[in-house]
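Chemist: Could you have a look at this structure, given as structure tokens, before my questions?
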Amino acid sequence: MIPAVLYSNQKSTVRGKASSDIEDITGMQISIYNDYSEQTQMIRGSNHKTLVKNAGDQATSGAGGVIIMDPDAPSGKLPYLLQADAEALAGLLSSIQEKTESINRMSHLTPVRTYRKQVISGVAMETEFQILNTLLAGKSAQLQLCEYQLFRIFCAWEGIDAETSGYEVTYPLRFELRDRKADLEFLTAARDTAEKINSATLIKALNKELARVSLSDDVLIEKIDRELSRKQVAAPASAATG
């Protein structure tokens with residue numbers, strides 16, 4: 001008997017079988033691969049034209065080739081060149097681009113893989129980042145739970161009490177992708193404006209937001225938030241005392 005822990009990426013309707021996040025993306029990638037293969041054949045066909053001639057005509061290949069017509073050939077049947085249609089090649093390139101954009105939308109990576117010529121609103125980018133953050137945080141939590149279950153099996157094997165072992169599994173729960181420099185510049189300018197307005201509540205709220213953007217330690221951020229909240233509560237009391 002081999003102890004094991006079942007980890008499923010996503011639950012499916014079939015017991016013991018998990019669905020993949022890239023199942024649909026894989027199909028699109030295969031389709032793009034086939035399109036590129038067909039595109040290669042079309043480029044070869046367009047660069048190397050096909051000569052159509054009569055059976056009795058003599059033709060030499062290469063630049064400046066000479067074609068000697070068959071004297072018995074009808075006057076209307078002249079040799080000609082066949083070339084691939086350029087419009088079909090442009091349509092194939094457009095299809096590959098649309099499939100690539102579909103992959104970006106399915107994987108919620110549109111803001112990360114956005115070209116400079118594309119215009120995306122800040123709200124749309126923030127929404128995509130939140131969806132991606134939620135998906136990654138869910139996977140991180142599932143992996144954390146799976147590792148805890150593995151450790152319980154190990155403790156049972158070694159005869160250790162898992163509850164009092166002090167073992168701790170830490171996985172990141174936030175996967176935010178944000179431009180911290182731009183956020184700091186915006187919050188700093190907003191804080192300067194708040195000082196001109198002379199609003200203590202607004203200044204302290206901006207200070208909290210500055211701490212969230214500047215720091216990555218959640219414990220330290222909560223400590224600073226409590227300090228600023230206590231100062232905010234203590235201000236009216238000092239004013240009443242004066």
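Just so we're on the same page: first chain in the structure tokens is A, next is B, and so on; residues restart at 1 for each chain, and ligands are numbered from 1 in the order they show up.
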Tell me which protein, DNA and RNA residues are within 9 Å of Ala55 (chain A), counting only C-alpha atoms, leaving out same-chain ones fewer than 3 positions away, and put them as an NGL selection string.

Modeler: :A and (58 or 70 or 73)

Chemist: Write out as a compact mmCIF listing (two decimals) with C-alpha atoms, in the first residue's frame all residues of region 15-241 of chain A that backbone DSSP assigns to helix (DSSP H, G or I).

Modeler:
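That gives us states_5.txt:
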# COMPACT_ATOMS: atom_id res chain seq x y z
CA GLU A 23 -7.27 22.10 -22.40
CA ASP A 24 -8.98 24.65 -24.65
CA ILE A 25 -5.73 26.56 -25.13
CA THR A 26 -4.00 23.40 -26.31
CA GLY A 27 -6.57 22.96 -29.07
CA MET A 28 -6.00 26.54 -30.21
CA GLN A 29 -2.23 26.01 -30.16
CA ILE A 30 -2.57 22.93 -32.37
CA SER A 31 -4.74 24.91 -34.77
CA ILE A 32 -2.16 27.72 -34.91
CA TYR A 33 0.59 25.15 -35.56
CA ASN A 34 -1.38 23.76 -38.49
CA ASP A 35 -1.98 27.28 -39.81
CA TYR A 36 1.74 28.04 -39.70
CA SER A 37 2.45 24.81 -41.58
CA GLU A 38 -0.05 25.77 -44.25
CA GLN A 39 1.39 29.29 -44.34
CA THR A 40 4.86 27.87 -45.02
CA GLN A 41 3.50 25.89 -47.97
CA MET A 42 1.72 28.97 -49.32
CA ILE A 43 4.88 31.10 -49.06
CA ARG A 44 6.87 28.45 -50.90
CA GLY A 45 4.20 28.31 -53.57
CA SER A 46 4.14 32.10 -53.98
CA ASN A 47 7.94 32.39 -54.19
CA ALA A 86 -1.95 36.60 -51.70
CA GLU A 87 -5.39 37.23 -50.20
CA ALA A 88 -5.50 33.69 -48.82
CA LEU A 89 -2.16 34.31 -47.09
CA ALA A 90 -3.44 37.53 -45.51
CA GLY A 91 -6.56 35.75 -44.30
CA LEU A 92 -4.44 33.01 -42.75
CA LEU A 93 -2.31 35.59 -40.89
CA SER A 94 -5.47 37.30 -39.62
CA SER A 95 -6.81 33.95 -38.39
CA ILE A 96 -3.57 33.26 -36.48
CA GLN A 97 -3.75 36.69 -34.83
CA GLU A 98 -7.38 36.18 -33.75
CA LYS A 99 -6.55 32.76 -32.31
CA THR A 100 -3.64 34.26 -30.36
CA GLU A 101 -5.95 36.91 -28.89
CA SER A 102 -8.41 34.15 -27.97
CA ILE A 103 -5.65 32.34 -26.07
CA ASN A 104 -4.84 35.55 -24.18
CA ARG A 105 -8.49 35.97 -23.20
CA MET A 106 -8.90 32.33 -22.15
CA GLY A 122 -7.43 50.86 -17.01
CA VAL A 123 -10.66 49.32 -15.66
CA ALA A 124 -10.45 46.41 -18.11
CA MET A 125 -6.82 45.74 -17.21
CA GLU A 126 -7.58 45.88 -13.48
CA THR A 127 -10.48 43.45 -13.94
CA GLU A 128 -8.29 40.98 -15.84
CA PHE A 129 -5.62 41.23 -13.14
CA GLN A 130 -8.21 40.55 -10.43
CA ILE A 131 -9.50 37.46 -12.26
CA LEU A 132 -5.96 36.16 -12.72
CA ASN A 133 -5.13 36.92 -9.08
CA THR A 134 -8.21 35.00 -7.90
CA LEU A 135 -7.39 31.94 -10.02
CA LEU A 136 -3.76 31.83 -8.87
CA ALA A 137 -4.73 32.36 -5.22
CA GLY A 138 -7.18 29.44 -5.43
CA LYS A 139 -4.52 27.14 -6.85
CA SER A 140 -2.07 28.27 -4.17
CA ALA A 141 -4.58 27.46 -1.42
CA GLN A 142 -5.24 24.01 -2.91
CA LEU A 143 -1.51 23.25 -3.04
CA GLN A 144 -1.15 24.38 0.57
CA LEU A 145 -3.94 22.05 1.67
CA CYS A 146 -2.41 19.18 -0.31
CA GLU A 147 0.97 19.68 1.37
CA TYR A 148 -0.68 19.69 4.82
CA GLN A 149 -2.31 16.35 3.99
CA LEU A 150 1.04 14.94 2.87
CA PHE A 151 2.61 16.05 6.14
CA ARG A 152 -0.16 14.34 8.14
CA ILE A 153 0.68 11.07 6.37
CA PHE A 154 4.36 11.58 7.18
CA CYS A 155 3.53 12.28 10.84
CA ALA A 156 1.44 9.13 11.05
CA TRP A 157 4.34 7.15 9.62
CA GLU A 158 6.85 8.63 12.10
CA ARG A 180 3.83 50.36 -8.12
CA LYS A 181 5.87 53.30 -9.38
CA ALA A 182 2.84 54.83 -11.13
CA ASP A 183 0.66 54.18 -8.06
CA LEU A 184 3.21 55.83 -5.75
CA GLU A 185 3.43 58.89 -7.98
CA PHE A 186 -0.36 59.17 -8.07
CA LEU A 187 -0.77 58.74 -4.30
CA THR A 188 2.04 61.21 -3.57
CA ALA A 189 0.40 63.84 -5.78
CA ALA A 190 -2.98 63.11 -4.15
CA ARG A 191 -1.44 63.50 -0.68
CA ASP A 192 0.03 66.89 -1.62
CA THR A 193 -3.42 67.96 -2.80
CA ALA A 194 -4.98 66.67 0.43
CA GLU A 195 -2.59 68.82 2.48
CA LYS A 196 -3.79 71.86 0.56
CA ILE A 197 -7.39 70.87 1.30
CA ALA A 200 -6.82 65.00 8.17
CA THR A 201 -9.15 62.10 7.26
CA LEU A 202 -8.13 62.19 3.61
CA ILE A 203 -4.43 62.42 4.45
CA LYS A 204 -4.57 59.39 6.77
CA ALA A 205 -6.52 57.37 4.19
CA LEU A 206 -3.87 58.15 1.60
CA ASN A 207 -1.14 57.24 4.07
CA LYS A 208 -2.75 53.81 4.51
CA GLU A 209 -2.89 53.33 0.77
CA LEU A 210 0.75 54.40 0.45
CA ALA A 211 1.70 51.72 2.97
CA ARG A 212 -0.21 49.05 1.02
CA VAL A 213 1.54 49.98 -2.22
CA SER A 214 5.02 50.41 -0.76
CA ASP A 218 0.69 41.93 5.21
CA VAL A 219 1.47 41.82 8.94
CA LEU A 220 3.42 45.07 8.77
CA ILE A 221 0.71 46.70 6.67
CA GLU A 222 -1.96 45.76 9.23
CA LYS A 223 0.21 47.14 12.04
CA ILE A 224 0.64 50.47 10.25
CA ASP A 225 -3.08 50.55 9.49
CA ARG A 226 -3.92 50.10 13.18
CA GLU A 227 -1.45 52.82 14.16
CA LEU A 228 -3.00 55.28 11.72
CA SER A 229 -6.52 54.31 12.83
CA ARG A 230 -5.65 54.95 16.48
CA LYS A 231 -4.28 58.36 15.57
CA GLN A 232 -7.46 59.12 13.70
CA VAL A 233 -9.59 58.17 16.73
CA ALA A 234 -7.35 60.06 19.16
CA ALA A 235 -7.52 63.35 17.25
CA PRO A 236 -11.05 64.37 18.32
CA ALA A 237 -10.25 63.49 21.96
CA SER A 238 -7.22 65.79 22.02
CA ALA A 239 -9.26 68.52 20.38
CA ALA A 240 -11.97 68.16 23.03
CA THR A 241 -9.34 68.31 25.79

Chemist: Calculate how many Å separate CA of Phe175 (chain A) from CA of Ser107 (chain A), rounding to one decimal.

Modeler: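 A separation of 14.8 Å between them.
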